[in-house]
Amino acid sequence: MSDESRSLFFMRTFGFALFWIWLFLVAVSPSPLFGALKGLGSLPFEVWEVGARLLLLSLSLAATRLLTTSRGRWVYPVCCLVGGPVAALALSSATTPEAVTLAAFITAVVDVAMLIMWLCYFGYAKIGDIAFMLACSYALGSILYLAVVAAGEAAMLVAAIASPILSGALFAYFVKNPPSLASEGLFQASPAADRRPKLPAALRRLAIGLTLYAFVFALFSSRTAVSEYTFSSGPLVQALASIVLAVVVIAAIRLSDVSIGLYALYRSVPLVFGGGAALFLVLPAGLSLCAGFFVMFGYLLFEALSFNDFCNATKTNDGSLLRSMLIVRIAGSLGIFLGWVLGAPLSAALDPDQSSRLIIALCFVVIIVAASLVFTDKAMGKLGTIDGMRARQEAAEARLDKTWLIPLFATEHDLSKREAEVLEYLLQGRTMQYTAEKLFIAESTARSHVHKIYQKTETRGRMELIDRFEQFCSEHPKA
């Protein structure tokens with residue numbers, strides 16, 4: 001981890017940890033504050049909250065161009081500052097299905113804002129650092145959540161109100177006073193992002209796999225969040241699973257090559273899910289916490305790995321980090337929504353034994369499909385290749401100290417004076433916002449220059465451009 005990352009590690013991790021505190025207190029059922037609420041149609045709170053979340057994520061995806069502006073990047077922090085306390089107070093006073101449904105929508109606004117803004121912020125870290133910081137934020141948030149619960153109901157309500165406010169304020173501070181060059185362009189679009197390139201096949205498979213595993217997670221939760229299995233799911237189990245997740249991910253990163261360690265964890269996901277489902281069938285209700293732990297751990301592990309790989313692939317392809325984070329969150333939310341929509345009616349309509357057997361059977365089928373047909377070893381290998389490209393790109397950017405050759409490189413490729421200036425910032429890994437501000441031009445103009453640079457140098461992205469420049473440097477050692 002870089003010196004800059006170390007100096008800001010706690011603040012970054014704490015900012016994202018606040019999301020997990022808030023999530024476990026407010027948005028995961030049964031909430032220790034509000035219990036298991038039901039909205040319109042007697043549907044569980046999760047159905048309405050995740051449904052509203054899907055809608056808001058889709059609207060954000062459609063409005064990416066607006067959000068990737070100097071003004072647009074303030075939308076999510078403002079949603080946290082305003083929506084956080086409103087959501088907590090709305091839930092605490094919700095006594096009718098209509099009120100619960102409205103509170104679910106407000107909760108979804110805060111959920112989308114907090115998670116997306118911090119995922120984008122973490123996404124600018126170097127390869128390996130992303131997964132490390134994600135895991136640490138999961139664990140820190142879970143530990144603080146357990147401490148708040150132990151402190152009593154008053155402390156929980158204060159935390160539910162204050163967490164989004166503090167999280168939004170921290171993020172707003174970082175946006176206004178960026179601690180690193182990489183984070184100066186938070187939410188900013190890249191030149192390639194304007195073309196909206198298709199997701200690589202491996203990422204599409206990863207997104208589908210996340211949807212399927214999220215479906216299993218929600219299907220299991222819809223059954224265990226009620227009656228005799230209450231302690232098999234919910235915030236307590238997820239908090240414990242998050243702490244163990246941090247230990248496992250950090251060990252995988254520290255004890256082996258980053259890519260090897262993380263992809264070994266990918267292979268463990270179906271086994272963990274399957275083990276949890278099997279334990280649920282054979283263990284008595286009082287011990288079903290063990291089964292719930294494995295299911296929760298499996299989903300959180302796959303989710304964290306997915307966030308990490310979407311970030312790496314986006315940076316490698318000069319894509320829009322905001323758009324990628326929205327896509328991966330939509331994939332997970334869609335699976336959760338479908339799982340609750342199917343699981344809640346089944347649990348209510350069938351007797352406990354029948355619903356348990358049917359739901360676990362469905363879980364096994366989906367796990368097998370996800371592991372053998374969707375996210376296979378071949379897809380994992382493709383992701384490993386993308387990560388390797390990103391590692392080489394970062395190494396090249398770190399080694400790049402031959403800026404005195406840039407004028408010659410620009411002349412050889414017939415770049416204009418302005419394009420040569422933009423080229424220098426591009427090779428240094430600067431963001432479009434940073435480049436535009438330094439050159440006193442509009443960001444759209446900077447993106448236009450970059451597009452022309454790619455055309456004239458016959459490259460398709462920053463990595464190819466750096467490779468082309470390094471080749472030029474090796475051919476002109478004494479220029």
# chains A, B, ... in the order shown; residues from 1 in each chain; ligands from 1

$ select_by_dssp --residues "stretch 245-458 of chain A" --states "alpha helix (DSSP H)" --output "PyMOL selection string"
chain A and resi 245-254+258-282+288-316+321-349+352-369+377-399+406-412+417-427+432-439+443-456

$ residues_around --residues "A:Cys363" --least-positions-apart "2" --cutoff "8 Å" --atoms "only C-alpha atoms" --output "MDAnalysis selection string"
chainID A and resid 216 219:220 277 359:361 365:367

$ residues_around --residues "A:Leu56" --least-positions-apart "2" --cutoff "10 Å" --atoms "only C-alpha atoms" --output "list in words"
Val50, Gly51, Ala52, Arg53, Leu54, Ser58, Leu59, Ser60, Leu61, Ala62, Phe105, Ala108, Val109, Asp111, Val112, Ala113, Leu326 and Ile330 of chain A

$ closest_residue --among "A:Ala87, A:Val82, A:Val248, A:Ala27" --to "A:Leu166" --atoms "only C-alpha atoms"
A:Val82

$ atom_distance --atom1 "atom CA of A:Thr403" --atom2 "atom CA of A:Ser444"
24.7 Å

$ residues_around --residues "A:Ile406" --least-positions-apart "6" --cutoff "10 Å" --atoms "only C-alpha atoms" --output "JSON, numbers by chain"
{"A": [412, 420, 421, 423, 424, 427, 469, 472, 473]}
